[in-house]
file model.cif (mmCIF, C-alpha atoms)
data_protein
loop_
_atom_site.label_atom_id
_atom_site.label_comp_id
_atom_site.auth_asym_id
_atom_site.auth_seq_id
_atom_site.Cartn_x
_atom_site.Cartn_y
_atom_site.Cartn_z
CA MET A 27 -1.98 -10.02 0.84
CA LYS A 28 -3.47 -7.23 2.96
CA LYS A 29 -0.16 -6.69 4.76
CA LEU A 30 1.70 -6.59 1.44
CA VAL A 31 -0.75 -4.07 0.01
CA SER A 32 -0.53 -1.84 3.08
CA VAL A 33 3.25 -1.88 2.81
CA ALA A 34 3.13 -1.03 -0.89
CA LEU A 35 0.62 1.77 -0.41
CA SER A 36 2.82 3.41 2.21
CA CYS A 37 6.24 2.91 0.64
CA LEU A 38 6.42 5.54 -2.08
CA LEU A 39 8.92 7.60 -0.14
CA VAL A 40 10.98 4.54 0.71
CA ALA A 41 11.07 3.83 -3.00
CA ALA A 42 12.30 7.33 -3.68
CA VAL A 43 14.98 6.88 -1.03
CA GLY A 44 16.03 3.58 -2.53
CA PHE A 45 16.61 5.19 -5.92
CA ALA A 46 17.62 8.74 -4.97
CA ALA A 47 19.53 10.50 -7.71
CA ALA A 48 23.28 10.41 -7.81
CA GLY A 49 25.59 13.31 -8.52
CA ASP A 50 25.01 17.01 -7.95
CA ALA A 51 21.67 17.48 -6.23
CA PRO A 52 19.91 20.76 -5.49
CA ALA A 53 20.41 21.98 -1.94
CA LYS A 54 17.21 24.00 -1.58
CA PHE A 55 15.20 23.06 1.53
CA SER A 56 17.80 20.47 2.48
CA LYS A 57 17.43 20.74 6.27
CA GLY A 58 14.26 20.48 8.31
CA LEU A 59 11.04 18.46 8.58
CA LEU A 60 8.40 20.95 9.77
CA TRP A 61 7.76 24.10 7.74
CA LYS A 62 5.37 27.02 8.20
CA ILE A 63 3.52 28.01 5.02
CA GLU A 64 1.91 31.46 4.98
CA LYS A 65 0.55 34.28 2.90
CA THR A 66 -0.69 37.69 3.96
CA ALA A 67 -4.09 37.67 5.73
CA THR A 68 -4.23 33.87 5.91
CA ARG A 69 -3.67 31.83 9.04
CA PRO A 70 -0.38 29.90 8.67
CA SER A 71 -0.42 26.21 7.76
CA TYR A 72 2.30 23.62 8.23
CA VAL A 73 3.88 20.94 6.09
CA PHE A 74 5.60 18.03 7.82
CA GLY A 75 7.91 15.53 6.13
CA THR A 76 7.40 11.91 7.14
CA ILE A 77 9.28 8.71 6.44
CA HIS A 78 7.08 5.70 5.73
CA LEU A 79 8.72 3.26 8.12
CA ASP A 80 7.48 1.20 11.04
CA ASP A 81 10.15 2.37 13.49
CA VAL A 82 9.49 3.78 16.95
CA ARG A 83 12.33 6.25 16.45
CA VAL A 84 10.21 8.05 13.86
CA THR A 85 6.68 7.20 14.97
CA ASP A 86 7.32 8.84 18.36
CA LEU A 87 6.56 12.36 17.19
CA PRO A 88 8.86 15.19 18.36
CA ALA A 89 7.35 17.74 20.75
CA PRO A 90 7.34 20.63 18.21
CA VAL A 91 5.40 18.46 15.76
CA LYS A 92 2.87 17.37 18.38
CA LYS A 93 2.33 20.95 19.50
CA THR A 94 1.84 22.25 15.97
CA PHE A 95 -0.47 19.37 15.07
CA ALA A 96 -2.63 19.91 18.16
CA ARG A 97 -3.38 23.52 17.28
CA SER A 98 -4.04 22.86 13.60
CA ARG A 99 -7.59 22.93 12.23
CA SER A 100 -7.33 20.07 9.73
CA PHE A 101 -5.09 17.19 8.69
CA THR A 102 -4.13 16.26 5.13
CA MET A 103 -2.14 13.17 4.14
CA GLU A 104 -1.04 11.62 0.86
CA MET A 105 -3.80 9.00 0.80
CA ILE A 106 -6.20 7.47 3.31
CA ILE A 107 -5.79 3.69 3.31
CA ASP A 108 -9.15 1.95 3.80
CA GLU A 109 -10.57 -1.42 2.82
CA ALA A 110 -11.72 -0.28 -0.62
CA SER A 111 -8.35 1.26 -1.54
CA THR A 112 -6.56 -1.82 -0.23
CA GLN A 113 -8.64 -4.10 -2.47
CA LYS A 114 -8.08 -1.92 -5.54
CA PHE A 115 -4.35 -1.79 -4.95
CA ALA A 116 -4.22 -5.55 -4.38
CA THR A 117 -5.85 -6.19 -7.74
CA SER A 118 -3.54 -3.73 -9.49
CA MET A 119 -0.43 -5.53 -8.22
CA LEU A 120 -1.29 -8.72 -10.08
CA LEU A 121 -0.56 -9.52 -13.69
CA ASP A 122 -3.51 -9.71 -16.06
CA GLU A 123 -4.94 -13.13 -16.80
CA GLY A 124 -2.43 -15.02 -18.91
CA GLY A 125 0.48 -12.76 -17.89
CA ASP A 126 3.78 -14.60 -17.60
CA LEU A 127 6.33 -13.13 -15.20
CA LYS A 128 9.04 -15.60 -16.27
CA THR A 129 8.73 -14.40 -19.86
CA LEU A 130 8.82 -10.75 -18.79
CA LEU A 131 11.90 -11.19 -16.61
CA GLY A 132 13.79 -13.94 -18.35
CA GLU A 133 14.81 -17.16 -16.61
CA PRO A 134 17.86 -15.86 -14.63
CA LEU A 135 16.11 -12.80 -13.12
CA PHE A 136 12.92 -14.78 -12.50
CA ALA A 137 14.86 -17.44 -10.59
CA LYS A 138 16.74 -14.89 -8.50
CA THR A 139 13.58 -12.90 -7.78
CA THR A 140 11.64 -15.94 -6.58
CA GLU A 141 14.60 -16.91 -4.40
CA VAL A 142 14.72 -13.49 -2.75
CA MET A 143 10.93 -13.29 -2.35
CA ARG A 144 10.97 -16.50 -0.32
CA GLU A 145 12.69 -14.45 2.40
CA TYR A 146 9.43 -12.49 2.55
CA GLY A 147 7.43 -15.68 2.95
CA MET A 148 6.16 -15.66 -0.63
CA PRO A 149 6.28 -19.00 -2.48
CA GLY A 150 7.41 -19.04 -6.11
CA GLU A 151 3.96 -19.75 -7.48
CA ILE A 152 2.61 -16.63 -5.73
CA THR A 153 5.55 -14.46 -6.79
CA ALA A 154 4.86 -15.42 -10.40
CA ARG A 155 1.47 -13.69 -10.24
CA PHE A 156 2.84 -10.22 -9.46
CA LYS A 157 3.84 -7.36 -11.71
CA PRO A 158 7.53 -6.40 -11.65
CA TRP A 159 6.85 -3.06 -9.95
CA ALA A 160 4.89 -4.75 -7.16
CA LEU A 161 7.81 -7.09 -6.44
CA MET A 162 10.25 -4.18 -6.54
CA LEU A 163 8.18 -2.26 -3.97
CA THR A 164 8.08 -5.25 -1.67
CA LEU A 165 11.82 -5.76 -1.80
CA ILE A 166 12.78 -2.14 -1.12
CA THR A 167 10.45 -1.90 1.86
CA PRO A 168 11.80 -3.07 5.24
CA LYS A 169 9.94 -5.97 6.79
CA GLN A 170 7.28 -4.38 8.96
CA LYS A 171 6.75 -5.12 12.65
CA ARG A 172 3.38 -3.56 13.45
CA GLY A 173 2.75 -1.90 10.11
CA ILE A 174 2.19 1.46 11.84
CA ILE A 175 3.99 4.37 10.19
CA VAL A 176 4.13 8.08 11.05
CA ASP A 177 1.26 8.89 8.71
CA ASP A 178 -0.92 6.34 10.52
CA VAL A 179 -0.06 7.91 13.88
CA LEU A 180 -1.06 11.35 12.62
CA TYR A 181 -4.25 10.03 11.04
CA GLN A 182 -5.36 8.39 14.29
CA GLU A 183 -4.50 11.54 16.25
CA ALA A 184 -6.57 13.60 13.82
CA LEU A 185 -9.57 11.34 14.35
CA GLN A 186 -9.19 11.50 18.12
CA GLN A 187 -8.94 15.28 17.99
CA HIS A 188 -11.98 15.47 15.66
CA LYS A 189 -10.06 17.23 12.90
CA PRO A 190 -11.30 17.10 9.29
CA VAL A 191 -9.10 14.67 7.34
CA HIS A 192 -8.26 15.11 3.65
CA GLN A 193 -6.17 13.21 1.12
CA MET A 194 -4.18 14.55 -1.83
CA GLU A 195 -4.24 11.45 -4.04
CA SER A 196 -6.70 8.71 -4.91
CA VAL A 197 -5.75 5.06 -4.96
CA GLU A 198 -6.20 5.11 -8.73
CA GLU A 199 -3.62 7.87 -9.00
CA GLN A 200 -1.15 5.99 -6.83
CA ILE A 201 -1.65 2.83 -8.87
CA SER A 202 -1.05 4.78 -12.08
CA VAL A 203 2.32 5.95 -10.77
CA PHE A 204 3.61 2.41 -11.19
CA ASP A 205 1.37 0.97 -13.88
CA GLY A 206 2.43 3.89 -16.07
CA LEU A 207 6.08 2.87 -15.98
CA PRO A 208 7.12 1.17 -19.23
CA MET A 209 7.62 -2.56 -18.76
CA GLU A 210 11.32 -2.32 -19.56
CA VAL A 211 11.69 0.23 -16.76
CA GLN A 212 9.76 -1.97 -14.33
CA VAL A 213 11.95 -4.95 -15.16
CA GLY A 214 15.13 -2.88 -14.98
CA LEU A 215 14.22 -1.47 -11.57
CA LEU A 216 13.39 -4.94 -10.27
CA LYS A 217 16.70 -6.26 -11.57
CA GLN A 218 18.53 -3.40 -9.87
CA THR A 219 16.66 -4.02 -6.62
CA VAL A 220 17.33 -7.75 -6.61
CA ALA A 221 21.02 -7.13 -7.32
CA HIS A 222 21.29 -4.72 -4.36
CA HIS A 223 18.91 -6.55 -2.06
CA ASP A 224 21.50 -7.23 0.64
CA LEU A 225 22.38 -3.51 0.79
CA ILE A 226 18.85 -2.22 1.28
CA PRO A 227 18.58 -2.68 5.10
CA GLY A 228 21.78 -0.68 5.56
CA ILE A 229 20.61 2.03 3.17
CA VAL A 230 17.29 2.30 5.01
CA GLU A 231 19.07 2.55 8.36
CA LYS A 232 21.36 5.31 7.09
CA SER A 233 18.35 7.11 5.64
CA THR A 234 16.54 6.79 8.98
CA GLN A 235 19.52 8.28 10.79
CA ALA A 236 19.58 11.18 8.34
CA TYR A 237 15.83 11.68 8.82
CA LEU A 238 16.25 11.81 12.59
CA LYS A 239 18.86 14.55 12.03
CA ARG A 240 16.32 16.30 9.74
CA ASP A 241 18.88 16.20 6.95
CA LEU A 242 17.01 15.79 3.68
CA GLY A 243 20.15 16.46 1.66
CA ALA A 244 21.89 13.52 3.32
CA MET A 245 18.86 11.31 2.67
CA TRP A 246 19.11 12.25 -1.00
CA GLU A 247 22.82 11.51 -1.28
CA ILE A 248 23.08 8.32 0.79
CA ASN A 249 22.05 6.11 -2.11
CA ASN A 250 24.56 7.14 -4.75
CA SER A 251 26.18 3.72 -4.54
CA MET A 252 23.06 2.28 -6.20
CA MET A 253 23.93 4.05 -9.46
CA GLU A 254 26.60 1.94 -11.15
CA ASP A 255 26.30 3.00 -14.79
CA GLU A 256 24.35 5.09 -17.30
CA ALA A 257 21.64 2.44 -17.58
CA ASP A 258 21.00 2.69 -13.83
CA LYS A 259 20.79 6.48 -14.11
CA ASN A 260 18.26 6.28 -16.93
CA LEU A 261 16.08 3.90 -14.92
CA ASN A 262 16.41 6.13 -11.89
CA ASP A 263 15.43 9.25 -13.85
CA ALA A 264 12.28 7.56 -15.14
CA PHE A 265 11.41 6.37 -11.66
CA LEU A 266 11.96 9.72 -9.94
CA GLN A 267 9.95 11.58 -12.57
CA ARG A 268 6.84 9.51 -11.85
CA VAL A 269 7.25 8.77 -8.15
CA LEU A 270 8.58 12.12 -6.97
CA TYR A 271 8.49 15.05 -9.40
CA ASP A 272 5.10 14.48 -11.05
CA ARG A 273 3.52 13.85 -7.66
CA ASN A 274 5.17 16.95 -6.18
CA THR A 275 3.32 19.06 -8.75
CA ARG A 276 0.04 17.31 -8.02
CA MET A 277 0.47 17.64 -4.25
CA ALA A 278 1.31 21.34 -4.40
CA GLU A 279 -1.88 21.89 -6.40
CA ARG A 280 -4.05 19.74 -4.12
CA MET A 281 -2.80 21.62 -1.04
CA GLN A 282 -4.26 24.91 -2.25
CA PRO A 283 -7.78 24.60 -0.75
CA ARG A 284 -6.36 23.65 2.65
CA LEU A 285 -3.79 26.45 2.59
CA ALA A 286 -6.53 28.91 1.63
CA GLU A 287 -8.54 27.80 4.67
CA GLY A 288 -5.50 28.24 6.90
CA GLY A 289 -4.52 26.23 9.95
CA ALA A 290 -3.81 23.08 7.95
CA PHE A 291 -1.32 20.39 8.95
CA ILE A 292 -0.15 18.52 5.84
CA ALA A 293 2.01 15.38 5.97
CA VAL A 294 3.98 14.16 2.96
CA GLY A 295 7.04 11.98 2.49
CA ALA A 296 10.10 14.01 3.45
CA LEU A 297 11.84 13.83 0.07
CA HIS A 298 8.81 15.50 -1.52
CA LEU A 299 9.97 18.64 0.31
CA TYR A 300 13.54 18.67 -0.94
CA GLY A 301 15.18 20.63 -3.71
CA ASP A 302 14.18 22.91 -6.57
CA LYS A 303 11.52 20.45 -7.75
CA GLY A 304 10.16 19.80 -4.29
CA VAL A 305 6.77 20.79 -2.86
CA LEU A 306 8.24 23.64 -0.81
CA SER A 307 9.88 25.20 -3.85
CA LEU A 308 6.65 24.85 -5.80
CA LEU A 309 4.71 26.56 -3.02
CA GLN A 310 7.32 29.29 -2.81
CA SER A 311 6.90 29.93 -6.53
CA ARG A 312 3.18 30.47 -5.85
CA GLY A 313 4.02 33.31 -3.47
CA TYR A 314 4.01 31.51 -0.13
CA GLN A 315 6.53 32.37 2.55
CA ILE A 316 8.27 29.21 3.77
CA THR A 317 9.84 29.14 7.25
CA ARG A 318 11.58 26.18 8.85
CA MET A 319 10.16 25.40 12.29
CA TYR A 320 11.89 22.08 13.13
#

call {"tool": "encode", "arguments": {"input": "model.cif", "output": "structure tokens"}}
result
Amino acid sequence: MKKLVSVALSCLLVAAVGFAAAGDAPAKFSKGLLWKIEKTATRPSYVFGTIHLDDVRVTDLPAPVKKTFARSRSFTMEMIIDEASTQKFATSMLLDEGGDLKTLLGEPLFAKTTEVMREYGMPGEITARFKPWALMLTLITPKQKRGIIVDDVLYQEALQQHKPVHQMESVEEQISVFDGLPMEVQVGLLKQTVAHHDLIPGIVEKSTQAYLKRDLGAMWEINNSMMEDEADKNLNDAFLQRVLYDRNTRMAERMQPRLAEGGAFIAVGALHLYGDKGVLSLLQSRGYQITRMY
């Protein structure tokens, strides 16, 4: 359970990658992972785009990132994962007493979901206890090796360097991202995920390659094959609004105290930086100068 919760807590960007919008996408801030954020008379801060994967290709931080991090005064991440947040998230993933997953999904989808979840070592009787969104998150997240993602690496470095550490979201807010999805959207997203389950490792690998090239636009476009019809697009729009766009607004607001202090290093999932609705565009609209550094 603890491993599953840790995966779910760290996979919001992976989810956004798995359901990235099809069609014409905005190109603003489409290249680059490390950005300088500055205003007159304030020491510059930096925003770094991460990808929430346990992969040494991305957890081995590039030299420009290490250098910038080392000279920063503070570190801010999406959310600090501790024992209390893990327990709260674990509870939120389970159906309420008397909840019936088979009834929610229908017999065919329930059977297919339990079959696929067995590949993750989860017996059918355990699968039946989870909410649809929790199962969807598990299936779109690559099987972890060590469970150490880029955000963890930065967090540990911040502690070793005695930097103040801040978070932009509470566990309750992250839970509400998914609990707030209408049940029909949760079920539809799970159905879509189960149907494309065999494609997900390849999609994640392509997304990783794009990330290593610092190509956010390519990350956004890689997943167009997931959108097969108008119903898929409607599900995707609902998902992106809650997982990406609403959180972008919240993150841009929560960054303000750190940016006012100056010298901040802020890590968020890379797709939160991309496009006209991304964090960088929102900061730019507040009068910040945004400069790509890496």

call {"tool": "atom_distance", "arguments": {"input": "model.cif", "atom1": "CA of Val203 in chain A", "atom2": "CA of Ala244 in chain A"}}
result
25.3 Å

call {"tool": "resolve_selection", "arguments": {"input": "model.cif", "expression": "the PyMOL selection byres ((chain A and resi 309) around 12)", "output": "NGL selection string"}}
result
:A and (55 or 61-65 or 71-73 or 274-282 or 285 or 298-299 or 302-308 or 310-317)

call {"tool": "atom_distance", "arguments": {"input": "model.cif", "atom1": "CA of Pro168 in chain A", "atom2": "CA of Lys138 in chain A"}}
result
18.8 Å

call {"tool": "residues_around", "arguments": {"input": "model.cif", "residues": "Asp108 in chain A", "least_positions_apart": "3", "cutoff": "10 Å", "atoms": "only C-alpha atoms", "output": "mmCIF file with C-alpha atoms, keeping the file's coordinate frame"}}
result
data_model
loop_
_atom_site.group_PDB
_atom_site.id
_atom_site.type_symbol
_atom_site.label_atom_id
_atom_site.label_comp_id
_atom_site.auth_asym_id
_atom_site.auth_seq_id
_atom_site.Cartn_x
_atom_site.Cartn_y
_atom_site.Cartn_z
ATOM 1 C CA SER A 32 -0.530 -1.840 3.080
ATOM 2 C CA MET A 105 -3.800 9.000 0.800
ATOM 3 C CA SER A 111 -8.350 1.260 -1.540
ATOM 4 C CA THR A 112 -6.560 -1.820 -0.230
ATOM 5 C CA GLN A 113 -8.640 -4.100 -2.470
ATOM 6 C CA VAL A 197 -5.750 5.060 -4.960
#

call {"tool": "atom_distance", "arguments": {"input": "model.cif", "atom1": "CA of Glu104 in chain A", "atom2": "CA of Asp122 in chain A"}}
result
27.3 Å

call {"tool": "closest_residue", "arguments": {"input": "model.cif", "among": "A:Thr66, A:Asn260, A:Gln235, A:Ser202", "to": "Ala286 in chain A", "atoms": "all atoms listed in the file"}}
result
A:Thr66

call {"tool": "resolve_selection", "arguments": {"input": "model.cif", "expression": "the PyMOL selection byres ((chain A and resi 140) around 8)", "output": "mmCIF file with C-alpha atoms, in the coordinates of the input"}}
result
data_model
loop_
_atom_site.group_PDB
_atom_site.id
_atom_site.type_symbol
_atom_site.label_atom_id
_atom_site.label_comp_id
_atom_site.auth_asym_id
_atom_site.auth_seq_id
_atom_site.Cartn_x
_atom_site.Cartn_y
_atom_site.Cartn_z
ATOM 1 C CA PHE A 136 12.920 -14.780 -12.500
ATOM 2 C CA ALA A 137 14.860 -17.440 -10.590
ATOM 3 C CA LYS A 138 16.740 -14.890 -8.500
ATOM 4 C CA THR A 139 13.580 -12.900 -7.780
ATOM 5 C CA GLU A 141 14.600 -16.910 -4.400
ATOM 6 C CA VAL A 142 14.720 -13.490 -2.750
ATOM 7 C CA MET A 143 10.930 -13.290 -2.350
ATOM 8 C CA ARG A 144 10.970 -16.500 -0.320
ATOM 9 C CA PRO A 149 6.280 -19.000 -2.480
ATOM 10 C CA GLY A 150 7.410 -19.040 -6.110
ATOM 11 C CA THR A 153 5.550 -14.460 -6.790
ATOM 12 C CA ALA A 154 4.860 -15.420 -10.400
#

call {"tool": "resolve_selection", "arguments": {"input": "model.cif", "expression": "the PyMOL selection byres ((chain A and resi 60) around 12)", "output": "PyMOL selection string"}}
result
chain A and resi 55-59+61-63+71-76+87-95+237+240-242+291-296+299+306+316-320

call {"tool": "write_last_selection", "arguments": {"input": "model.cif", "atoms": "C-alpha atoms", "output": "CSV table (one decimal), keeping the file's coordinate frame"}}
result
chain,number,residue,atom,x,y,z
A,55,PHE,CA,15.2,23.1,1.5
A,56,SER,CA,17.8,20.5,2.5
A,57,LYS,CA,17.4,20.7,6.3
A,58,GLY,CA,14.3,20.5,8.3
A,59,LEU,CA,11.0,18.5,8.6
A,61,TRP,CA,7.8,24.1,7.7
A,62,LYS,CA,5.4,27.0,8.2
A,63,ILE,CA,3.5,28.0,5.0
A,71,SER,CA,-0.4,26.2,7.8
A,72,TYR,CA,2.3,23.6,8.2
A,73,VAL,CA,3.9,20.9,6.1
A,74,PHE,CA,5.6,18.0,7.8
A,75,GLY,CA,7.9,15.5,6.1
A,76,THR,CA,7.4,11.9,7.1
A,87,LEU,CA,6.6,12.4,17.2
A,88,PRO,CA,8.9,15.2,18.4
A,89,ALA,CA,7.4,17.7,20.8
A,90,PRO,CA,7.3,20.6,18.2
A,91,VAL,CA,5.4,18.5,15.8
A,92,LYS,CA,2.9,17.4,18.4
A,93,LYS,CA,2.3,21.0,19.5
A,94,THR,CA,1.8,22.2,16.0
A,95,PHE,CA,-0.5,19.4,15.1
A,237,TYR,CA,15.8,11.7,8.8
A,240,ARG,CA,16.3,16.3,9.7
A,241,ASP,CA,18.9,16.2,7.0
A,242,LEU,CA,17.0,15.8,3.7
A,291,PHE,CA,-1.3,20.4,9.0
A,292,ILE,CA,-0.2,18.5,5.8
A,293,ALA,CA,2.0,15.4,6.0
A,294,VAL,CA,4.0,14.2,3.0
A,295,GLY,CA,7.0,12.0,2.5
A,296,ALA,CA,10.1,14.0,3.4
A,299,LEU,CA,10.0,18.6,0.3
A,306,LEU,CA,8.2,23.6,-0.8
A,316,ILE,CA,8.3,29.2,3.8
A,317,THR,CA,9.8,29.1,7.2
A,318,ARG,CA,11.6,26.2,8.8
A,319,MET,CA,10.2,25.4,12.3
A,320,TYR,CA,11.9,22.1,13.1

call {"tool": "closest_residue", "arguments": {"input": "model.cif", "among": "A:Glu183, A:Glu151, A:Leu127, A:Gly301", "to": "Gly243 in chain A", "atoms": "only C-alpha atoms"}}
result
A:Gly301

call {"tool": "residues_around", "arguments": {"input": "model.cif", "residues": "range 205-221 of chain A", "least_positions_apart": "5", "cutoff": "8 Å", "atoms": "only C-alpha atoms", "output": "list in words"}}
result
Leu130, Leu131, Leu135, Lys138, Thr139, Val142, Pro158, Trp159, Leu161, Met162, Leu165, Ile166, Asp258, Leu261, Asn262, Ala264, Phe265 and Arg268 of chain A

call {"tool": "residues_around", "arguments": {"input": "model.cif", "residues": "Gly125 in chain A", "least_positions_apart": "6", "cutoff": "10 Å", "atoms": "all atoms listed in the file", "output": "list of chain:residue names"}}
result
A:Ala154, A:Arg155, A:Phe156, A:Lys157

call {"tool": "closest_atom_pairs", "arguments": {"input": "model.cif", "of": "range 122-218 of chain A", "to": "range 99-102 of chain A", "cutoff": "9 Å", "atoms": "only C-alpha atoms", "output": "CSV"}}
result
residue,atom,partner,partner_atom,distance
A:Leu180,CA,A:Phe101,CA,8.1
A:Tyr181,CA,A:Phe101,CA,7.6
A:Ala184,CA,A:Phe101,CA,6.4
A:His188,CA,A:Ser100,CA,8.8
A:Lys189,CA,A:Ser100,CA,5.1
A:Pro190,CA,A:Ser100,CA,5.0
A:Val191,CA,A:Phe101,CA,4.9
A:His192,CA,A:Thr102,CA,4.5
A:Gln193,CA,A:Thr102,CA,5.4
A:Met194,CA,A:Thr102,CA,7.2

call {"tool": "closest_residue", "arguments": {"input": "model.cif", "among": "A:Ile77, A:Gly228, A:Phe204, A:Thr129", "to": "Leu266 in chain A", "atoms": "all atoms listed in the file"}}
result
A:Phe204

call {"tool": "closest_residue", "arguments": {"input": "model.cif", "among": "A:Ile107, A:Leu79, A:Pro134, A:Asp272", "to": "Ser233 in chain A", "atoms": "only C-alpha atoms"}}
result
A:Leu79

call {"tool": "residues_around", "arguments": {"input": "model.cif", "residues": "Ile175 in chain A", "least_positions_apart": "2", "cutoff": "7 Å", "atoms": "only C-alpha atoms", "output": "MDAnalysis selection string"}}
result
chainID A and resid 78:80 85 173 177:179

call {"tool": "build_atoms", "arguments": {"input": "model.cif", "residues": "range 183-194 of chain A", "atoms": "N, CA, C and O atoms", "output": "PDB file, in the coordinates of the input"}}
result
ATOM      1  N   GLU A 183      -4.437  10.357  15.391  1.00  0.00           N
ATOM      2  CA  GLU A 183      -4.500  11.540  16.250  1.00  0.00           C
ATOM      3  C   GLU A 183      -5.542  12.525  15.720  1.00  0.00           C
ATOM      4  O   GLU A 183      -6.285  13.141  16.495  1.00  0.00           O
ATOM      5  N   ALA A 184      -5.593  12.686  14.406  1.00  0.00           N
ATOM      6  CA  ALA A 184      -6.570  13.600  13.820  1.00  0.00           C
ATOM      7  C   ALA A 184      -7.996  13.151  14.130  1.00  0.00           C
ATOM      8  O   ALA A 184      -8.861  13.975  14.456  1.00  0.00           O
ATOM      9  N   LEU A 185      -8.241  11.852  14.034  1.00  0.00           N
ATOM     10  CA  LEU A 185      -9.570  11.340  14.350  1.00  0.00           C
ATOM     11  C   LEU A 185      -9.914  11.569  15.822  1.00  0.00           C
ATOM     12  O   LEU A 185     -11.034  11.968  16.153  1.00  0.00           O
ATOM     13  N   GLN A 186      -8.940  11.313  16.692  1.00  0.00           N
ATOM     14  CA  GLN A 186      -9.190  11.500  18.120  1.00  0.00           C
ATOM     15  C   GLN A 186      -9.434  12.961  18.470  1.00  0.00           C
ATOM     16  O   GLN A 186     -10.211  13.267  19.383  1.00  0.00           O
ATOM     17  N   GLN A 187      -8.771  13.848  17.733  1.00  0.00           N
ATOM     18  CA  GLN A 187      -8.940  15.280  17.990  1.00  0.00           C
ATOM     19  C   GLN A 187     -10.062  15.895  17.163  1.00  0.00           C
ATOM     20  O   GLN A 187     -10.254  17.114  17.165  1.00  0.00           O
ATOM     21  N   HIS A 188     -10.814  15.043  16.444  1.00  0.00           N
ATOM     22  CA  HIS A 188     -11.980  15.470  15.660  1.00  0.00           C
ATOM     23  C   HIS A 188     -11.617  16.533  14.618  1.00  0.00           C
ATOM     24  O   HIS A 188     -12.378  17.472  14.368  1.00  0.00           O
ATOM     25  N   LYS A 189     -10.462  16.337  13.973  1.00  0.00           N
ATOM     26  CA  LYS A 189     -10.060  17.230  12.900  1.00  0.00           C
ATOM     27  C   LYS A 189     -10.597  16.698  11.568  1.00  0.00           C
ATOM     28  O   LYS A 189     -10.620  15.480  11.357  1.00  0.00           O
ATOM     29  N   PRO A 190     -10.990  17.564  10.649  1.00  0.00           N
ATOM     30  CA  PRO A 190     -11.300  17.100   9.290  1.00  0.00           C
ATOM     31  C   PRO A 190     -10.040  16.480   8.676  1.00  0.00           C
ATOM     32  O   PRO A 190      -8.938  17.010   8.845  1.00  0.00           O
ATOM     33  N   VAL A 191     -10.226  15.366   7.969  1.00  0.00           N
ATOM     34  CA  VAL A 191      -9.100  14.670   7.340  1.00  0.00           C
ATOM     35  C   VAL A 191      -9.283  14.687   5.833  1.00  0.00           C
ATOM     36  O   VAL A 191     -10.368  14.375   5.321  1.00  0.00           O
ATOM     37  N   HIS A 192      -8.224  15.035   5.108  1.00  0.00           N
ATOM     38  CA  HIS A 192      -8.260  15.110   3.650  1.00  0.00           C
ATOM     39  C   HIS A 192      -7.107  14.297   3.078  1.00  0.00           C
ATOM     40  O   HIS A 192      -6.104  14.048   3.748  1.00  0.00           O
ATOM     41  N   GLN A 193      -7.255  13.888   1.818  1.00  0.00           N
ATOM     42  CA  GLN A 193      -6.170  13.210   1.120  1.00  0.00           C
ATOM     43  C   GLN A 193      -5.857  13.963  -0.167  1.00  0.00           C
ATOM     44  O   GLN A 193      -6.714  14.637  -0.736  1.00  0.00           O
ATOM     45  N   MET A 194      -4.603  13.833  -0.622  1.00  0.00           N
ATOM     46  CA  MET A 194      -4.180  14.550  -1.830  1.00  0.00           C
ATOM     47  C   MET A 194      -4.198  13.671  -3.071  1.00  0.00           C
ATOM     48  O   MET A 194      -4.138  14.188  -4.185  1.00  0.00           O
TER      49      MET A 194
END
